[in-house]
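Below is the file data_6.txt, which contains compact mmCIF, N, CA and C atoms.
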```
# COMPACT_ATOMS: atom_id res chain seq x y z
N MET A 411 -9.89 18.32 -47.15
CA MET A 411 -11.08 18.50 -46.34
C MET A 411 -10.67 19.17 -45.03
N ALA A 412 -11.38 20.13 -44.59
CA ALA A 412 -11.06 20.86 -43.37
C ALA A 412 -11.40 20.01 -42.15
N ASP A 413 -10.69 20.25 -41.05
CA ASP A 413 -10.90 19.49 -39.82
C ASP A 413 -12.32 19.61 -39.30
N HIS A 414 -12.94 20.79 -39.46
CA HIS A 414 -14.28 20.98 -38.93
C HIS A 414 -15.33 20.22 -39.73
N ASP A 415 -14.99 19.76 -40.94
CA ASP A 415 -15.94 19.01 -41.76
C ASP A 415 -15.93 17.52 -41.44
N ARG A 416 -15.02 17.06 -40.61
CA ARG A 416 -14.89 15.64 -40.32
C ARG A 416 -15.93 15.19 -39.29
N LYS A 417 -16.37 13.92 -39.44
CA LYS A 417 -17.32 13.34 -38.50
C LYS A 417 -16.56 12.74 -37.33
N ASP A 418 -17.29 12.34 -36.27
CA ASP A 418 -16.67 11.70 -35.10
C ASP A 418 -15.96 10.41 -35.50
N SER A 419 -16.48 9.69 -36.50
CA SER A 419 -15.85 8.44 -36.91
C SER A 419 -14.51 8.68 -37.62
N ASP A 420 -14.22 9.93 -37.96
CA ASP A 420 -12.98 10.25 -38.65
C ASP A 420 -11.89 10.72 -37.69
N ARG A 421 -12.01 10.40 -36.43
CA ARG A 421 -11.00 10.84 -35.48
C ARG A 421 -9.67 10.21 -35.82
N PRO A 422 -8.59 10.94 -35.61
CA PRO A 422 -7.27 10.42 -35.97
C PRO A 422 -6.79 9.36 -34.99
N VAL A 423 -5.85 8.55 -35.46
CA VAL A 423 -5.20 7.55 -34.63
C VAL A 423 -3.81 8.09 -34.32
N GLN A 424 -3.48 8.21 -33.05
CA GLN A 424 -2.18 8.76 -32.65
C GLN A 424 -1.12 7.69 -32.85
N LEU A 425 -0.06 8.00 -33.59
CA LEU A 425 1.01 7.04 -33.82
C LEU A 425 1.85 6.85 -32.58
N SER A 426 2.36 7.92 -32.03
CA SER A 426 3.21 7.83 -30.86
C SER A 426 3.20 9.17 -30.15
N ALA A 427 3.17 9.12 -28.84
CA ALA A 427 3.15 10.36 -28.08
C ALA A 427 4.48 11.08 -28.18
N SER A 428 5.58 10.33 -28.38
CA SER A 428 6.89 10.94 -28.44
C SER A 428 7.34 11.27 -29.86
N ALA A 429 6.57 10.85 -30.86
CA ALA A 429 6.96 11.10 -32.24
C ALA A 429 6.80 12.58 -32.57
N ALA A 430 7.85 13.15 -33.10
CA ALA A 430 7.79 14.55 -33.48
C ALA A 430 6.98 14.68 -34.77
N PRO A 431 6.14 15.68 -34.85
CA PRO A 431 5.37 15.85 -36.08
C PRO A 431 6.30 16.06 -37.26
N GLY A 432 6.09 15.28 -38.28
CA GLY A 432 6.94 15.36 -39.46
C GLY A 432 6.18 15.97 -40.62
N PRO A 433 6.69 15.74 -41.80
CA PRO A 433 6.01 16.30 -42.97
C PRO A 433 4.65 15.64 -43.19
N GLU A 434 3.77 16.38 -43.82
CA GLU A 434 2.46 15.83 -44.12
C GLU A 434 2.59 14.88 -45.31
N ILE A 435 1.95 13.71 -45.19
CA ILE A 435 2.01 12.70 -46.23
C ILE A 435 0.59 12.36 -46.63
N GLU A 436 0.34 12.27 -47.92
CA GLU A 436 -0.98 11.88 -48.40
C GLU A 436 -0.86 10.67 -49.30
N SER A 437 -1.81 9.77 -49.18
CA SER A 437 -1.87 8.58 -49.99
C SER A 437 -3.32 8.35 -50.35
N ARG A 438 -3.55 7.37 -51.18
CA ARG A 438 -4.93 7.03 -51.54
C ARG A 438 -5.67 6.46 -50.33
N PHE A 439 -4.93 5.86 -49.40
CA PHE A 439 -5.54 5.16 -48.28
C PHE A 439 -5.48 5.90 -46.96
N TYR A 440 -4.54 6.80 -46.79
CA TYR A 440 -4.42 7.50 -45.52
C TYR A 440 -3.71 8.82 -45.71
N GLU A 441 -3.80 9.67 -44.68
CA GLU A 441 -3.06 10.93 -44.63
C GLU A 441 -2.32 10.97 -43.30
N LEU A 442 -1.12 11.50 -43.33
CA LEU A 442 -0.35 11.68 -42.11
C LEU A 442 -0.17 13.18 -41.92
N ARG A 443 -0.84 13.71 -40.89
CA ARG A 443 -0.76 15.13 -40.59
C ARG A 443 -0.44 15.33 -39.13
N LYS A 444 0.63 16.06 -38.86
CA LYS A 444 1.06 16.38 -37.49
C LYS A 444 1.19 15.12 -36.64
N GLY A 445 1.74 14.06 -37.22
CA GLY A 445 1.97 12.83 -36.48
C GLY A 445 0.75 11.97 -36.26
N LYS A 446 -0.36 12.28 -36.90
CA LYS A 446 -1.59 11.51 -36.75
C LYS A 446 -2.00 10.94 -38.10
N VAL A 447 -2.57 9.75 -38.07
CA VAL A 447 -3.00 9.07 -39.29
C VAL A 447 -4.50 9.23 -39.43
N TRP A 448 -4.94 9.63 -40.61
CA TRP A 448 -6.36 9.73 -40.96
C TRP A 448 -6.60 8.74 -42.09
N PHE A 449 -7.44 7.72 -41.85
CA PHE A 449 -7.72 6.73 -42.87
C PHE A 449 -8.85 7.19 -43.76
N SER A 450 -8.79 6.78 -45.03
CA SER A 450 -9.83 7.16 -45.98
C SER A 450 -11.10 6.36 -45.69
N GLU A 451 -12.21 6.87 -46.17
CA GLU A 451 -13.50 6.18 -45.98
C GLU A 451 -13.46 4.81 -46.63
N GLU A 452 -12.77 4.68 -47.75
CA GLU A 452 -12.66 3.39 -48.44
C GLU A 452 -12.02 2.34 -47.53
N ILE A 453 -10.96 2.70 -46.86
CA ILE A 453 -10.27 1.78 -45.96
C ILE A 453 -11.14 1.47 -44.75
N LYS A 454 -11.83 2.46 -44.22
CA LYS A 454 -12.71 2.23 -43.07
C LYS A 454 -13.84 1.26 -43.42
N ARG A 455 -14.43 1.42 -44.62
CA ARG A 455 -15.49 0.50 -45.05
C ARG A 455 -14.96 -0.91 -45.20
N GLU A 456 -13.78 -1.05 -45.80
CA GLU A 456 -13.17 -2.36 -46.00
C GLU A 456 -12.87 -3.04 -44.66
N GLN A 457 -12.39 -2.29 -43.70
CA GLN A 457 -12.09 -2.83 -42.38
C GLN A 457 -13.36 -3.31 -41.70
N ARG A 458 -14.43 -2.51 -41.77
CA ARG A 458 -15.70 -2.92 -41.16
C ARG A 458 -16.25 -4.17 -41.82
N LYS A 459 -16.06 -4.29 -43.13
CA LYS A 459 -16.56 -5.44 -43.87
C LYS A 459 -15.80 -6.72 -43.48
N ARG A 460 -14.51 -6.61 -43.25
CA ARG A 460 -13.68 -7.79 -42.94
C ARG A 460 -13.59 -8.10 -41.45
N LYS A 461 -14.09 -7.24 -40.61
CA LYS A 461 -13.99 -7.42 -39.16
C LYS A 461 -14.71 -8.69 -38.73
N THR A 462 -14.07 -9.45 -37.84
CA THR A 462 -14.63 -10.68 -37.33
C THR A 462 -14.84 -10.54 -35.83
N SER A 463 -15.98 -10.98 -35.35
CA SER A 463 -16.23 -10.90 -33.90
C SER A 463 -15.37 -11.94 -33.19
N LEU A 464 -15.13 -11.70 -31.91
CA LEU A 464 -14.32 -12.62 -31.12
C LEU A 464 -14.96 -14.00 -31.07
N TRP A 465 -16.26 -14.04 -30.87
CA TRP A 465 -16.96 -15.33 -30.80
C TRP A 465 -16.82 -16.11 -32.11
N ARG A 466 -16.99 -15.46 -33.23
CA ARG A 466 -16.85 -16.13 -34.53
C ARG A 466 -15.41 -16.61 -34.74
N TYR A 467 -14.45 -15.79 -34.35
CA TYR A 467 -13.04 -16.17 -34.49
C TYR A 467 -12.73 -17.43 -33.68
N ILE A 468 -13.21 -17.49 -32.44
CA ILE A 468 -12.98 -18.66 -31.59
C ILE A 468 -13.69 -19.88 -32.16
N ARG A 469 -14.92 -19.67 -32.61
CA ARG A 469 -15.71 -20.78 -33.16
C ARG A 469 -15.06 -21.36 -34.42
N GLN A 470 -14.42 -20.52 -35.23
CA GLN A 470 -13.84 -20.99 -36.49
C GLN A 470 -12.40 -21.46 -36.34
N SER A 471 -11.79 -21.26 -35.18
CA SER A 471 -10.40 -21.68 -35.02
C SER A 471 -10.31 -23.18 -34.77
N ARG A 472 -9.11 -23.71 -34.98
CA ARG A 472 -8.89 -25.13 -34.73
C ARG A 472 -8.93 -25.40 -33.23
N PHE A 473 -9.25 -26.62 -32.86
CA PHE A 473 -9.43 -26.99 -31.47
C PHE A 473 -8.17 -26.73 -30.63
N PHE A 474 -7.01 -27.19 -31.10
CA PHE A 474 -5.80 -27.04 -30.32
C PHE A 474 -5.33 -25.60 -30.22
N VAL A 475 -5.67 -24.79 -31.20
CA VAL A 475 -5.35 -23.36 -31.11
C VAL A 475 -6.16 -22.74 -29.97
N ALA A 476 -7.43 -23.04 -29.93
CA ALA A 476 -8.28 -22.51 -28.86
C ALA A 476 -7.88 -23.07 -27.50
N LEU A 477 -7.40 -24.31 -27.48
CA LEU A 477 -6.99 -24.94 -26.23
C LEU A 477 -5.70 -24.34 -25.68
N THR A 478 -4.76 -24.00 -26.54
CA THR A 478 -3.46 -23.50 -26.07
C THR A 478 -3.45 -21.99 -25.84
N ALA A 479 -4.38 -21.25 -26.38
CA ALA A 479 -4.38 -19.79 -26.23
C ALA A 479 -4.38 -19.35 -24.77
N PRO A 480 -5.21 -19.91 -23.89
CA PRO A 480 -5.15 -19.49 -22.49
C PRO A 480 -3.79 -19.76 -21.84
N LEU A 481 -3.14 -20.86 -22.21
CA LEU A 481 -1.82 -21.17 -21.66
C LEU A 481 -0.79 -20.15 -22.11
N ILE A 482 -0.88 -19.75 -23.36
CA ILE A 482 0.07 -18.76 -23.88
C ILE A 482 -0.14 -17.42 -23.20
N TYR A 483 -1.39 -16.99 -23.06
CA TYR A 483 -1.65 -15.70 -22.43
C TYR A 483 -1.38 -15.72 -20.92
N ALA A 484 -1.42 -16.90 -20.31
CA ALA A 484 -1.11 -17.01 -18.89
C ALA A 484 0.37 -16.73 -18.61
N CYS A 485 1.21 -16.80 -19.61
CA CYS A 485 2.64 -16.53 -19.44
C CYS A 485 2.90 -15.07 -19.06
N ILE A 486 1.93 -14.22 -19.23
CA ILE A 486 2.15 -12.81 -18.88
C ILE A 486 2.31 -12.64 -17.37
N ILE A 487 1.72 -13.52 -16.59
CA ILE A 487 1.81 -13.42 -15.12
C ILE A 487 3.26 -13.56 -14.64
N PRO A 488 4.01 -14.59 -15.06
CA PRO A 488 5.42 -14.66 -14.63
C PRO A 488 6.25 -13.46 -15.11
N PHE A 489 5.97 -12.95 -16.29
CA PHE A 489 6.71 -11.77 -16.78
C PHE A 489 6.41 -10.53 -15.94
N LEU A 490 5.15 -10.37 -15.53
CA LEU A 490 4.80 -9.24 -14.67
C LEU A 490 5.47 -9.36 -13.30
N LEU A 491 5.51 -10.59 -12.76
CA LEU A 491 6.19 -10.80 -11.49
C LEU A 491 7.69 -10.53 -11.60
N LEU A 492 8.30 -10.98 -12.69
CA LEU A 492 9.72 -10.71 -12.91
C LEU A 492 9.97 -9.21 -12.97
N ASP A 493 9.15 -8.50 -13.69
CA ASP A 493 9.29 -7.05 -13.78
C ASP A 493 9.16 -6.39 -12.41
N LEU A 494 8.20 -6.86 -11.63
CA LEU A 494 8.01 -6.31 -10.29
C LEU A 494 9.25 -6.52 -9.42
N PHE A 495 9.78 -7.74 -9.41
CA PHE A 495 10.94 -8.03 -8.58
C PHE A 495 12.20 -7.30 -9.05
N VAL A 496 12.38 -7.16 -10.36
CA VAL A 496 13.53 -6.41 -10.87
C VAL A 496 13.40 -4.95 -10.49
N THR A 497 12.21 -4.40 -10.56
CA THR A 497 11.98 -3.00 -10.17
C THR A 497 12.29 -2.79 -8.69
N ILE A 498 11.83 -3.70 -7.86
CA ILE A 498 12.10 -3.59 -6.42
C ILE A 498 13.60 -3.73 -6.15
N TYR A 499 14.24 -4.68 -6.81
CA TYR A 499 15.69 -4.88 -6.64
C TYR A 499 16.45 -3.61 -7.02
N GLN A 500 16.10 -3.03 -8.16
CA GLN A 500 16.79 -1.82 -8.61
C GLN A 500 16.52 -0.65 -7.67
N ALA A 501 15.32 -0.56 -7.14
CA ALA A 501 14.98 0.55 -6.24
C ALA A 501 15.82 0.51 -4.96
N PHE A 502 16.12 -0.70 -4.48
CA PHE A 502 16.91 -0.81 -3.25
C PHE A 502 18.41 -0.89 -3.52
N SER A 503 18.81 -1.65 -4.53
CA SER A 503 20.24 -1.91 -4.74
C SER A 503 20.97 -0.78 -5.45
N PHE A 504 20.36 -0.15 -6.42
CA PHE A 504 21.06 0.88 -7.19
C PHE A 504 21.56 2.02 -6.31
N PRO A 505 20.73 2.57 -5.40
CA PRO A 505 21.26 3.64 -4.54
C PRO A 505 22.42 3.17 -3.65
N ILE A 506 22.36 1.92 -3.17
CA ILE A 506 23.41 1.40 -2.30
C ILE A 506 24.75 1.34 -3.04
N TYR A 507 24.73 0.89 -4.30
CA TYR A 507 25.94 0.76 -5.09
C TYR A 507 26.29 2.01 -5.88
N GLY A 508 25.48 3.04 -5.77
CA GLY A 508 25.76 4.31 -6.44
C GLY A 508 25.52 4.27 -7.94
N ILE A 509 24.65 3.39 -8.38
CA ILE A 509 24.32 3.30 -9.81
C ILE A 509 23.20 4.29 -10.10
N PRO A 510 23.37 5.15 -11.12
CA PRO A 510 22.32 6.13 -11.41
C PRO A 510 21.07 5.45 -11.96
N LYS A 511 19.93 5.99 -11.58
CA LYS A 511 18.66 5.44 -12.07
C LYS A 511 18.41 5.93 -13.49
N ILE A 512 17.83 5.04 -14.27
CA ILE A 512 17.52 5.34 -15.66
C ILE A 512 16.00 5.29 -15.81
N PRO A 513 15.40 6.29 -16.47
CA PRO A 513 13.94 6.25 -16.67
C PRO A 513 13.50 5.00 -17.43
N ARG A 514 12.35 4.45 -17.07
CA ARG A 514 11.84 3.23 -17.70
C ARG A 514 11.61 3.39 -19.21
N ASP A 515 11.19 4.54 -19.62
CA ASP A 515 10.82 4.70 -21.02
C ASP A 515 12.01 4.90 -21.94
N SER A 516 13.22 4.88 -21.43
CA SER A 516 14.39 5.08 -22.31
C SER A 516 14.91 3.76 -22.83
```

Spell out the structure here as structure tokens.
Amino acid sequence: MADHDRKDSDRPVQLSASAAPGPEIESRFYELRKGKVWFSEEIKREQRKRKTSLWRYIRQSRFFVALTAPLIYACIIPFLLLDLFVTIYQAFSFPIYGIPKIPRDS
């Protein structure tokens, strides 16, 4: 099917910004073209059919699971603070000790 024949709902999902485009792959369920995944209509219909709303998911979960979820997600705050302090430490200390800076994404 040509790209111009696709609907807005058929927009590709980008795998990775740094992934080099590889060979084109076709399957019954998806196509991989230029590093992007195109799902078949069959898979899209199945996903929409099985999709659960957040409210229904919370309502159907066990009590202690719902009770502990906020505590688990609250752990992100200490990790963000740790990252902030390590970044500040490296910004000041590395130049003093002559350590070369390394890009975050490596």

- Which distance in Å separates atom N of A:Leu494 and atom CA of A:Ile482, to one decimal?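 Taking atom N of A:Leu494 and atom CA of A:Ile482, their separation equals 18.9 Å.
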
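When atom N of A:Ile453 is paired with atom C of A:Tyr467, their separation reads 24.1 Å.
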
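Interatomic distance, atom CA of A:Ile512 against atom CA of A:Gln500: 10.1 Å.
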
- Task: Please identify which residues in stretch 425-512 of chain A DSSP calls helix (DSSP H, G or I) from the backbone, and express them as a ChimeraX atom specification.
- Result: /A:451-460,464-470,473-484,486-507

- Shortest interatomic distance to A:Ser450 - which of A:Tyr499, A:Arg438, A:Tyr483, A:Ala476, counting only N, CA and C atoms: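 Of A:Tyr499, A:Arg438, A:Tyr483, A:Ala476, the one nearest A:Ser450, counting only N, CA and C atoms, is A:Arg438.
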